[in-house]
>>> print(open('entry-v7.txt').read())   # compact mmCIF, C-alpha atoms
# COMPACT_ATOMS: atom_id res chain seq x y z
CA MET A 596 12.31 -14.16 46.75
CA ILE A 597 13.46 -17.24 44.82
CA LYS A 598 12.35 -17.22 41.17
CA ASN A 599 10.36 -20.22 40.03
CA THR A 600 12.60 -20.82 37.00
CA PRO A 601 15.92 -22.69 36.70
CA ALA A 602 18.76 -21.01 38.60
CA MET A 603 21.37 -19.09 36.61
CA GLY A 604 24.82 -18.12 37.82
CA TRP A 605 28.44 -19.16 38.14
CA ASN A 606 30.08 -21.93 40.17
CA SER A 607 33.76 -22.08 41.05
CA TRP A 608 34.34 -25.84 40.74
CA ASN A 609 34.80 -26.57 37.03
CA THR A 610 37.67 -24.12 36.59
CA PHE A 611 39.17 -23.54 40.02
CA GLY A 612 38.49 -26.69 42.07
CA HIS A 613 40.28 -26.32 45.42
CA ASN A 614 42.12 -23.19 44.23
CA ILE A 615 39.30 -20.89 45.27
CA ASN A 616 39.70 -17.62 47.16
CA GLU A 617 38.13 -14.27 47.91
CA GLU A 618 39.82 -12.46 45.04
CA VAL A 619 38.61 -14.96 42.43
CA VAL A 620 35.04 -14.85 43.71
CA LEU A 621 34.76 -11.07 43.94
CA SER A 622 36.45 -10.42 40.58
CA THR A 623 34.00 -12.86 38.99
CA ALA A 624 31.09 -11.03 40.59
CA GLU A 625 32.34 -7.68 39.29
CA ASN A 626 32.78 -9.18 35.82
CA PHE A 627 29.20 -10.49 35.89
CA VAL A 628 27.90 -6.96 36.19
CA LYS A 629 30.42 -5.34 33.84
CA ASN A 630 30.01 -7.78 30.95
CA GLY A 631 26.27 -8.28 30.90
CA TYR A 632 25.82 -11.63 32.65
CA LEU A 633 23.62 -10.14 35.36
CA ASP A 634 21.49 -8.33 32.78
CA ALA A 635 21.11 -11.65 30.92
CA GLY A 636 19.69 -13.33 34.04
CA TYR A 637 22.74 -14.92 35.68
CA GLU A 638 22.48 -13.92 39.33
CA TYR A 639 24.18 -16.46 41.65
CA ILE A 640 27.90 -16.47 42.46
CA VAL A 641 28.50 -19.87 44.06
CA ILE A 642 31.56 -21.06 45.99
CA ASP A 643 31.91 -24.83 45.71
CA ASP A 644 33.91 -27.26 47.89
CA CYS A 645 37.21 -26.49 49.71
CA TRP A 646 36.24 -23.12 51.20
CA SER A 647 36.40 -24.07 54.90
CA LEU A 648 38.87 -25.12 57.55
CA HIS A 649 39.11 -28.83 58.25
CA GLU A 650 37.59 -28.45 61.70
CA ARG A 651 34.51 -26.75 63.10
CA ASP A 652 34.85 -24.13 65.87
CA LYS A 653 34.17 -24.82 69.55
CA ASP A 654 30.45 -24.18 69.01
CA GLY A 655 30.25 -26.67 66.16
CA ARG A 656 30.02 -24.03 63.44
CA LEU A 657 31.74 -24.18 60.06
CA GLN A 658 34.68 -21.81 59.63
CA ALA A 659 35.91 -20.17 56.43
CA ASP A 660 39.59 -20.75 55.69
CA PRO A 661 41.20 -17.41 56.65
CA GLU A 662 43.97 -17.79 54.07
CA LYS A 663 41.46 -18.14 51.24
CA PHE A 664 38.79 -15.82 52.66
CA PRO A 665 40.56 -13.44 55.05
CA HIS A 666 37.51 -11.24 55.58
CA GLY A 667 35.07 -14.10 56.14
CA MET A 668 31.95 -15.16 54.29
CA LYS A 669 29.66 -12.40 55.53
CA TYR A 670 32.03 -9.88 53.95
CA VAL A 671 32.00 -11.77 50.64
CA ALA A 672 28.20 -12.02 50.70
CA ASP A 673 27.82 -8.30 51.40
CA LYS A 674 30.14 -7.41 48.50
CA ILE A 675 28.23 -9.68 46.13
CA HIS A 676 24.85 -8.35 47.27
CA ALA A 677 26.05 -4.77 46.79
CA LEU A 678 26.56 -5.60 43.11
CA GLY A 679 22.95 -6.75 42.78
CA LEU A 680 23.93 -10.43 42.74
CA LYS A 681 23.15 -13.37 45.03
CA PHE A 682 25.61 -15.48 47.00
CA GLY A 683 25.84 -19.27 46.98
CA MET A 684 27.83 -21.83 48.97
CA TYR A 685 28.45 -25.55 49.17
CA SER A 686 28.01 -28.32 51.70
CA CYS A 687 27.39 -32.05 51.67
CA ALA A 688 24.93 -34.54 53.18
CA GLY A 689 27.72 -36.88 54.30
CA THR A 690 30.18 -36.86 57.18
CA VAL A 691 32.72 -34.94 55.08
CA THR A 692 32.52 -33.23 51.70
CA CYS A 693 33.75 -34.81 48.48
CA ALA A 694 37.13 -33.11 49.05
CA GLY A 695 37.32 -34.12 52.71
CA TYR A 696 36.15 -30.96 54.50
CA PRO A 697 33.51 -30.84 57.26
CA ALA A 698 30.03 -31.62 55.93
CA SER A 699 26.55 -31.15 57.36
CA TYR A 700 25.56 -34.66 58.47
CA GLU A 701 23.78 -34.19 61.84
CA TYR A 702 24.73 -30.48 61.72
CA GLU A 703 21.96 -29.53 59.31
CA PHE A 704 20.17 -26.98 61.50
CA ILE A 705 23.39 -25.41 62.80
CA ASP A 706 24.76 -25.05 59.28
CA ALA A 707 21.53 -23.70 57.82
CA LYS A 708 21.45 -21.03 60.55
CA THR A 709 25.11 -20.19 59.89
CA PHE A 710 24.51 -19.85 56.16
CA ALA A 711 21.51 -17.60 56.79
CA GLU A 712 23.53 -15.37 59.11
CA TRP A 713 26.26 -15.07 56.49
CA GLY A 714 23.73 -13.97 53.86
CA VAL A 715 23.76 -17.11 51.71
CA ASP A 716 21.06 -17.28 49.00
CA TYR A 717 21.86 -20.66 47.42
CA LEU A 718 23.13 -23.98 48.78
CA LYS A 719 24.60 -26.71 46.59
CA TYR A 720 24.26 -29.88 48.67
CA ASP A 721 26.46 -32.81 47.59
CA TYR A 722 26.25 -36.52 48.44
CA CYS A 723 29.72 -37.89 49.24
CA PHE A 724 30.51 -40.07 52.28
CA ARG A 725 26.92 -40.78 53.27
CA PRO A 726 26.81 -43.04 56.35
CA LEU A 727 25.73 -46.57 55.50
CA GLY A 728 22.21 -47.35 56.56
CA VAL A 729 20.91 -43.79 56.28
CA GLN A 730 18.66 -43.25 53.28
CA GLY A 731 19.39 -40.32 51.03
CA HIS A 732 15.87 -38.95 51.00
CA LEU A 733 16.03 -38.48 54.79
CA LEU A 734 19.27 -36.52 54.58
CA TYR A 735 17.89 -34.14 51.98
CA LYS A 736 14.66 -33.74 53.94
CA ARG A 737 16.73 -32.75 56.98
CA MET A 738 18.52 -29.98 55.14
CA GLY A 739 15.42 -28.90 53.27
CA LEU A 740 13.59 -28.44 56.56
CA ALA A 741 16.60 -26.73 58.17
CA LEU A 742 16.86 -24.21 55.32
CA ALA A 743 13.11 -23.55 55.44
CA ASN A 744 13.49 -22.67 59.14
CA SER A 745 16.72 -20.68 58.84
CA GLY A 746 15.01 -17.30 58.62
CA ARG A 747 16.27 -16.64 55.07
CA ASP A 748 15.21 -17.64 51.55
CA ILE A 749 17.93 -20.06 50.43
CA LEU A 750 17.62 -21.93 47.15
CA PHE A 751 18.19 -25.65 47.83
CA SER A 752 20.19 -27.31 45.02
CA ASN A 753 20.31 -31.08 45.45
CA CYS A 754 23.46 -32.76 44.09
CA SER A 755 22.90 -36.48 44.68
CA TRP A 756 23.79 -37.41 41.06
CA GLY A 757 20.51 -39.28 40.55
CA SER A 758 21.49 -41.87 43.17
CA GLU A 759 18.80 -43.99 44.84
CA TYR A 760 16.26 -42.86 42.23
CA THR A 761 16.49 -39.23 43.32
CA ASN A 762 13.83 -38.22 40.81
CA LEU A 763 11.20 -40.27 42.66
CA TRP A 764 11.54 -38.49 46.02
CA ILE A 765 13.34 -35.20 45.50
CA LYS A 766 10.21 -33.02 45.38
CA GLU A 767 9.40 -34.22 48.91
CA THR A 768 12.48 -32.40 50.25
CA GLY A 769 11.66 -28.88 49.11
CA ALA A 770 14.64 -28.78 46.72
CA HIS A 771 14.48 -26.33 43.84
CA SER A 772 16.60 -28.55 41.56
CA PHE A 773 18.20 -31.99 41.55
CA ARG A 774 21.40 -33.25 39.95
CA SER A 775 20.64 -36.36 37.97
CA THR A 776 24.02 -36.99 36.36
CA GLU A 777 27.61 -37.83 37.08
CA ASP A 778 30.07 -34.91 37.02
CA ILE A 779 30.48 -33.20 33.68
CA MET A 780 33.90 -32.90 32.04
CA ASP A 781 35.07 -30.41 29.43
CA SER A 782 34.86 -32.85 26.54
CA TRP A 783 32.41 -33.75 23.79
CA ALA A 784 32.20 -37.34 25.06
CA SER A 785 31.00 -36.13 28.47
CA ILE A 786 28.47 -33.68 27.03
CA LYS A 787 27.05 -36.30 24.67
CA LYS A 788 26.78 -38.94 27.39
CA LEU A 789 25.00 -36.64 29.83
CA ALA A 790 22.66 -35.14 27.25
CA GLN A 791 21.57 -38.47 25.83
CA SER A 792 20.94 -39.89 29.29
CA GLN A 793 18.76 -36.94 30.26
CA LEU A 794 16.61 -36.79 27.15
CA LYS A 795 14.94 -39.98 28.40
CA VAL A 796 13.94 -38.73 31.87
CA GLN A 797 12.40 -35.32 31.26
CA GLU A 798 9.06 -36.40 32.71
CA TYR A 799 10.56 -35.79 36.16
CA ASN A 800 11.53 -32.22 35.28
CA GLY A 801 9.40 -29.11 35.72
CA VAL A 802 8.37 -26.02 37.63
CA GLY A 803 9.14 -26.33 41.33
CA CYS A 804 12.05 -28.75 41.00
CA PHE A 805 14.24 -28.64 37.91
CA ASN A 806 16.40 -31.46 36.54
CA ASP A 807 20.03 -30.29 36.88
CA MET A 808 22.23 -31.74 34.12
CA ASP A 809 25.33 -30.33 35.88
CA MET A 810 27.28 -27.12 35.43
CA LEU A 811 28.25 -25.66 32.08
CA VAL A 812 31.66 -26.17 30.48
CA VAL A 813 31.12 -23.62 27.69
CA GLY A 814 34.25 -21.49 27.33
CA MET A 815 36.61 -23.66 29.36
CA ASN A 816 38.56 -24.70 26.25
CA GLY A 817 40.36 -27.49 28.09
CA VAL A 818 41.63 -25.24 30.89
CA GLY A 819 40.73 -25.77 34.53
CA HIS A 820 39.84 -28.39 37.11
CA VAL A 821 37.60 -30.48 34.79
CA GLY A 822 39.36 -29.50 31.56
CA HIS A 823 39.60 -32.67 29.48
CA GLY A 824 40.66 -31.42 26.06
CA GLY A 825 37.93 -28.88 25.56
CA CYS A 826 35.32 -28.62 22.82
CA THR A 827 34.70 -26.87 19.53
CA GLU A 828 32.39 -23.88 19.20
CA GLU A 829 29.73 -26.16 17.65
CA GLU A 830 29.98 -28.62 20.54
CA TYR A 831 29.68 -25.86 23.13
CA PHE A 832 26.62 -24.50 21.32
CA THR A 833 25.00 -27.96 21.30
CA HIS A 834 25.78 -28.31 25.01
CA PHE A 835 24.20 -24.97 25.93
CA ALA A 836 21.23 -25.41 23.60
CA LEU A 837 20.28 -28.81 25.05
CA TRP A 838 20.64 -27.61 28.64
CA CYS A 839 18.25 -24.76 27.76
CA MET A 840 15.79 -27.02 25.94
CA CYS A 841 15.67 -29.25 29.02
CA SER A 842 15.19 -26.35 31.50
CA SER A 843 18.38 -27.22 33.34
CA PRO A 844 19.91 -24.69 35.76
CA LEU A 845 22.57 -22.68 33.92
CA MET A 846 25.64 -22.44 36.15
CA ILE A 847 28.64 -21.16 34.21
CA GLY A 848 31.81 -23.10 34.95
CA CYS A 849 34.46 -21.27 32.94
CA ASP A 850 36.62 -18.36 34.08
CA VAL A 851 34.43 -15.48 32.94
CA ASN A 852 37.35 -13.10 33.44
CA ASN A 853 39.13 -14.83 30.52
CA VAL A 854 36.37 -16.21 28.31
CA ASP A 855 36.63 -15.99 24.52
CA GLU A 856 34.07 -13.94 22.58
CA LYS A 857 32.47 -16.91 20.79
CA SER A 858 31.81 -18.69 24.08
CA LYS A 859 30.52 -15.48 25.63
CA ALA A 860 28.09 -15.10 22.73
CA ILE A 861 26.75 -18.60 23.40
CA LEU A 862 26.34 -17.97 27.14
CA LEU A 863 24.53 -14.68 26.48
CA ASN A 864 22.27 -15.89 23.66
CA LYS A 865 18.96 -14.26 24.57
CA ASP A 866 16.77 -16.76 22.72
CA LEU A 867 18.34 -19.81 24.35
CA ILE A 868 18.14 -18.22 27.79
CA ARG A 869 14.51 -17.34 27.10
CA ILE A 870 13.83 -21.03 26.29
CA ASP A 871 15.50 -22.14 29.52
CA GLN A 872 13.72 -19.53 31.63
CA ASP A 873 10.25 -20.01 30.13
CA GLY A 874 7.64 -19.55 32.84
CA LYS A 875 5.54 -22.55 31.84
CA GLY A 876 8.45 -24.97 32.18
CA SER A 877 6.84 -27.44 29.77
CA GLN A 878 8.48 -30.81 29.27
CA PRO A 879 10.44 -31.13 26.00
CA PHE A 880 9.38 -33.97 23.74
CA PHE A 881 10.68 -35.96 20.79
CA VAL A 882 9.24 -35.04 17.43
CA ASN A 883 10.83 -38.09 15.78
CA GLY A 884 10.84 -41.63 17.10
CA ASN A 885 8.46 -43.66 19.22
CA TYR A 886 8.94 -43.63 22.98
CA THR A 887 5.63 -44.97 24.27
CA PRO A 888 5.92 -47.34 27.27
CA HIS A 889 4.54 -50.85 26.95
CA ILE A 890 1.65 -50.54 29.39
CA ASN A 891 1.09 -54.29 29.52
CA GLU A 892 4.41 -54.85 31.30
CA LYS A 893 4.98 -54.39 35.02
CA LEU A 894 6.77 -51.15 35.82
CA SER A 895 9.47 -50.92 38.50
CA ASN A 896 12.41 -48.75 39.49
CA GLU A 897 14.71 -51.19 37.72
CA ASN A 898 12.59 -51.39 34.58
CA PRO A 899 10.35 -48.32 34.45
CA PHE A 900 9.86 -48.07 30.68
CA HIS A 901 10.74 -49.68 27.38
CA TYR A 902 11.52 -47.40 24.47
CA ASP A 903 11.29 -48.22 20.77
CA ASN A 904 13.25 -46.46 18.04
CA TYR A 905 14.52 -43.85 20.44
CA PRO A 906 16.37 -41.30 18.25
CA LEU A 907 19.24 -40.54 20.60
CA ASP A 908 21.84 -40.00 17.88
CA HIS A 909 19.68 -37.63 15.82
CA PRO A 910 16.89 -36.28 18.01
CA ILE A 911 14.47 -33.53 17.04
CA ILE A 912 13.19 -32.01 20.27
CA ALA A 913 10.38 -29.52 20.79
CA LYS A 914 9.21 -27.49 23.77
CA PHE A 915 6.03 -25.44 24.06
CA LEU A 916 6.67 -21.93 25.42
CA ASP A 917 4.34 -19.79 27.49
CA ASP A 918 3.61 -17.26 24.70
CA GLY A 919 2.36 -19.91 22.26
CA THR A 920 5.61 -20.25 20.35
CA ILE A 921 7.55 -23.51 20.06
CA ALA A 922 11.27 -24.07 20.61
CA LEU A 923 12.64 -26.68 18.22
CA ALA A 924 16.12 -28.24 18.39
CA VAL A 925 17.52 -30.47 15.64
CA VAL A 926 20.60 -32.32 16.91
CA ASN A 927 23.33 -34.41 15.30
CA PHE A 928 25.35 -36.36 17.87
CA ALA A 929 27.23 -38.27 15.13
CA ASP A 930 31.00 -38.37 15.68
CA ALA A 931 32.29 -38.51 12.08
CA ASP A 932 33.49 -35.08 10.98
CA THR A 933 32.14 -35.62 7.47
CA ASN A 934 28.77 -36.96 8.60
CA ARG A 935 25.97 -34.50 7.97
CA TRP A 936 22.59 -35.74 9.05
CA SER A 937 19.71 -35.24 6.63
CA SER A 938 16.28 -35.74 8.11
CA SER A 939 12.75 -34.47 7.88
CA MET A 940 9.61 -33.99 9.93
CA ASN A 941 6.01 -32.94 9.54
CA ILE A 942 4.60 -30.15 11.68
CA ASP A 943 1.65 -32.41 12.46
CA SER A 944 4.09 -33.91 14.99
CA LEU A 945 3.94 -30.55 16.79
CA GLY A 946 0.16 -30.48 16.86
CA ILE A 947 -0.41 -28.55 13.60
CA PRO A 948 -2.35 -30.68 11.07
CA LEU A 949 -2.58 -29.63 7.41
CA THR A 950 -6.30 -28.87 7.82
CA SER A 951 -5.68 -26.38 10.66
CA GLY A 952 -5.00 -23.44 8.37
CA LYS A 953 -1.82 -22.81 10.35
CA THR A 954 1.89 -23.11 9.66
CA LEU A 955 5.15 -22.05 11.28
CA LYS A 956 7.45 -19.08 10.92
CA MET A 957 10.78 -20.41 12.18
CA ARG A 958 13.72 -18.21 13.18
CA ASN A 959 17.17 -19.71 13.77
CA VAL A 960 18.34 -18.39 17.16
CA ARG A 961 21.96 -18.30 16.05
CA THR A 962 21.86 -16.98 12.49
CA GLY A 963 18.52 -15.18 12.39
CA GLU A 964 17.55 -17.08 9.21
CA VAL A 965 13.78 -17.52 8.81
CA ILE A 966 12.31 -20.64 7.21
CA THR A 967 8.78 -22.01 6.74
CA PRO A 968 7.53 -25.54 6.12
CA VAL A 969 6.53 -26.61 2.60
CA ASN A 970 3.19 -28.44 2.68
CA GLY A 971 3.71 -28.97 6.40
CA HIS A 972 7.10 -30.61 5.78
CA LEU A 973 10.60 -29.64 6.94
CA GLU A 974 14.04 -30.94 5.97
CA PHE A 975 17.33 -30.35 7.81
CA ASN A 976 20.99 -30.96 7.04
CA VAL A 977 22.89 -30.71 10.32
CA PRO A 978 26.70 -31.06 10.61
CA ALA A 979 28.24 -33.50 13.08
CA HIS A 980 28.14 -32.39 16.73
CA SER A 981 25.92 -29.46 15.78
CA THR A 982 22.43 -28.29 16.69
CA PHE A 983 19.97 -26.00 14.93
CA VAL A 984 17.54 -24.24 17.28
CA TYR A 985 14.46 -22.37 16.10
CA ILE A 986 11.83 -20.21 17.75
CA CYS A 987 8.68 -21.20 15.87
CA GLU A 988 5.71 -18.83 15.67
CA VAL A 989 2.32 -20.34 14.80
CA VAL A 990 0.90 -18.23 11.95
CA ASP A 991 -1.89 -18.36 9.39
CA LYS A 992 -1.04 -19.92 6.04
>>> encode(input="entry-v7.txt", output="structure tokens")
Amino acid sequence: MIKNTPAMGWNSWNTFGHNINEEVVLSTAENFVKNGYLDAGYEYIVIDDCWSLHERDKDGRLQADPEKFPHGMKYVADKIHALGLKFGMYSCAGTVTCAGYPASYEYEFIDAKTFAEWGVDYLKYDYCFRPLGVQGHLLYKRMGLALANSGRDILFSNCSWGSEYTNLWIKETGAHSFRSTEDIMDSWASIKKLAQSQLKVQEYNGVGCFNDMDMLVVGMNGVGHVGHGGCTEEEYFTHFALWCMCSSPLMIGCDVNNVDEKSKAILLNKDLIRIDQDGKGSQPFFVNGNYTPHINEKLSNENPFHYDNYPLDHPIIAKFLDDGTIALAVVNFADADTNRWSSSMNIDSLGIPLTSGKTLKMRNVRTGEVITPVNGHLEFNVPAHSTFVYICEVVDK
């Protein structure tokens, strides 16, 4: 049964690209169990592009490359399932995949049946080389219907990068998540660009179909297929924290067989994972700034909203959790190393007026430090590229 929370797992692309094989996949799966990733909630081991031969067989079925996967995909799936994990694969809605391998255009039902027979539990479905004149929503509806009739529960992960206003039609396809961004790179510039773009579109996110901000680069440290210089520990923490605050799927992209301890601690942070996996799936919101649409102006796909004083460089973001607590993230996207951002907020912005008789008990998810507001007021001093995250308990004064 597919859980109704954002998917968690590992994907081969960010580190290995086309250099994927059976040994890499199975050693990663074994590491997931041995080093606590499965216990933390990460359950999918996903093979991305470049796993197949360049031609289908005589019956039109996809074929695993025997040099990379000598025992075939059913063997790999069985090994992964025996470890208590789930198995994921990749295809594409176009005529060929992004790397030029056979894709599923007009083979949707054949491929869905093949994946089901192999024991696939998750399908990442990309959007390269779409035939002109065919609308994207139709292609994703085809595969969504094919998977639903395959005879197996297969999580449908849309990867259309937000093209053609994906957010407006994706829930029609039965997808469990939708990619709304360009590809992430292992750099602070990429993380910042993606995060800031997604903070403005969270109204399309939620239970049933989660907004996928792309795979994680935590722990890559500049090594691998999308390694572009790497990031600091603070930048990786900000990356992971914002993905969790926004209920994005958490698909690890580093080589977990060689990850450093600081990155591992970020990926296994129980509080951040709890925020991401919250059963309510409430939309995060800005505590500072004004982002009300001008209702007197005509809305359209090209001009859906106007935002005033949107605090994208220094956002304070909150998210209501299903046990009555509040997750609060205070972010400093500033690029100057010496720039520490001092700001403040009132807890009335979270729905707690001074006359309520309530206040907050706030625990930092990284340090364990506990703070409380003074007269309903909070002040923060956040270093550049850093984020403070708190689990806030509503308590009597």
>>> residues_around(input="entry-v7.txt", residues="Ala770 of chain A", least_positions_apart="2", cutoff="7 Å", atoms="all atoms listed in the file", output="number ranges by chain")
A: 739, 751-753, 765-766, 768, 772, 804
>>> residues_around(input="entry-v7.txt", residues="Asp673 of chain A", least_positions_apart="4", cutoff="10 Å", atoms="all atoms listed in the file", output="mmCIF file with C-alpha atoms, keeping the file's coordinate frame")
data_model
loop_
_atom_site.group_PDB
_atom_site.id
_atom_site.type_symbol
_atom_site.label_atom_id
_atom_site.label_comp_id
_atom_site.auth_asym_id
_atom_site.auth_seq_id
_atom_site.Cartn_x
_atom_site.Cartn_y
_atom_site.Cartn_z
ATOM 1 C CA MET A 668 31.950 -15.160 54.290
ATOM 2 C CA LYS A 669 29.660 -12.400 55.530
ATOM 3 C CA ALA A 677 26.050 -4.770 46.790
ATOM 4 C CA LEU A 678 26.560 -5.600 43.110
ATOM 5 C CA LEU A 680 23.930 -10.430 42.740
ATOM 6 C CA LYS A 681 23.150 -13.370 45.030
ATOM 7 C CA PHE A 682 25.610 -15.480 47.000
ATOM 8 C CA TRP A 713 26.260 -15.070 56.490
ATOM 9 C CA GLY A 714 23.730 -13.970 53.860
ATOM 10 C CA VAL A 715 23.760 -17.110 51.710
#
>>> closest_residue(input="entry-v7.txt", among="A:Cys645, A:Ala929, A:Val851, A:Ala672", to="Gly631 of chain A", atoms="only C-alpha atoms")
A:Val851
>>> residues_around(input="entry-v7.txt", residues="Met603 of chain A", least_positions_apart="5", cutoff="9 Å", atoms="all atoms listed in the file", output="ChimeraX atom specification")
/A:636-639,844-847
>>> closest_residue(input="entry-v7.txt", among="A:Tyr985, A:Tyr702, A:Trp605, A:Phe611", to="Arg651 of chain A", atoms="all atoms listed in the file")
A:Tyr702
>>> atom_distance(input="entry-v7.txt", atom1="atom CA of Asn762 of chain A", atom2="atom CA of Met840 of chain A")
18.7 Å
>>> closest_residue(input="entry-v7.txt", among="A:Phe664, A:Tyr760, A:Trp783, A:Tyr685", to="Trp608 of chain A", atoms="only C-alpha atoms")
A:Tyr685
>>> residues_around(input="entry-v7.txt", residues="Thr709 of chain A", least_positions_apart="5", cutoff="12 Å", atoms="only C-alpha atoms", output="PyMOL selection string")
chain A and resi 651+654-659+668-669+684+686+699+702-704+714-716+718+741-742+744-747+749
>>> write_last_selection(input="entry-v7.txt", atoms="C-alpha atoms", output="compact mmCIF listing (two decimals), keeping the file's coordinate frame")
# COMPACT_ATOMS: atom_id res chain seq x y z
CA ARG A 651 34.51 -26.75 63.10
CA ASP A 654 30.45 -24.18 69.01
CA GLY A 655 30.25 -26.67 66.16
CA ARG A 656 30.02 -24.03 63.44
CA LEU A 657 31.74 -24.18 60.06
CA GLN A 658 34.68 -21.81 59.63
CA ALA A 659 35.91 -20.17 56.43
CA MET A 668 31.95 -15.16 54.29
CA LYS A 669 29.66 -12.40 55.53
CA MET A 684 27.83 -21.83 48.97
CA SER A 686 28.01 -28.32 51.70
CA SER A 699 26.55 -31.15 57.36
CA TYR A 702 24.73 -30.48 61.72
CA GLU A 703 21.96 -29.53 59.31
CA PHE A 704 20.17 -26.98 61.50
CA GLY A 714 23.73 -13.97 53.86
CA VAL A 715 23.76 -17.11 51.71
CA ASP A 716 21.06 -17.28 49.00
CA LEU A 718 23.13 -23.98 48.78
CA ALA A 741 16.60 -26.73 58.17
CA LEU A 742 16.86 -24.21 55.32
CA ASN A 744 13.49 -22.67 59.14
CA SER A 745 16.72 -20.68 58.84
CA GLY A 746 15.01 -17.30 58.62
CA ARG A 747 16.27 -16.64 55.07
CA ILE A 749 17.93 -20.06 50.43
>>> atom_distance(input="entry-v7.txt", atom1="atom CA of Trp646 of chain A", atom2="atom CA of Tyr717 of chain A")
15.1 Å
>>> residues_around(input="entry-v7.txt", residues="Glu830 of chain A", least_positions_apart="5", cutoff="10 Å", atoms="only C-alpha atoms", output="ChimeraX atom specification")
/A:782-783,786-787,813,825,835-836,928,979-982
>>> closest_residue(input="entry-v7.txt", among="A:Met957, A:Glu988, A:Pro879, A:Gly817", to="Leu973 of chain A", atoms="all atoms listed in the file")
A:Met957
>>> atom_distance(input="entry-v7.txt", atom1="atom CA of Ala698 of chain A", atom2="atom CA of Tyr735 of chain A")
13.0 Å
>>> closest_residue(input="entry-v7.txt", among="A:Tyr722, A:Phe880, A:Trp838, A:Phe832", to="Gly814 of chain A", atoms="all atoms listed in the file")
A:Phe832
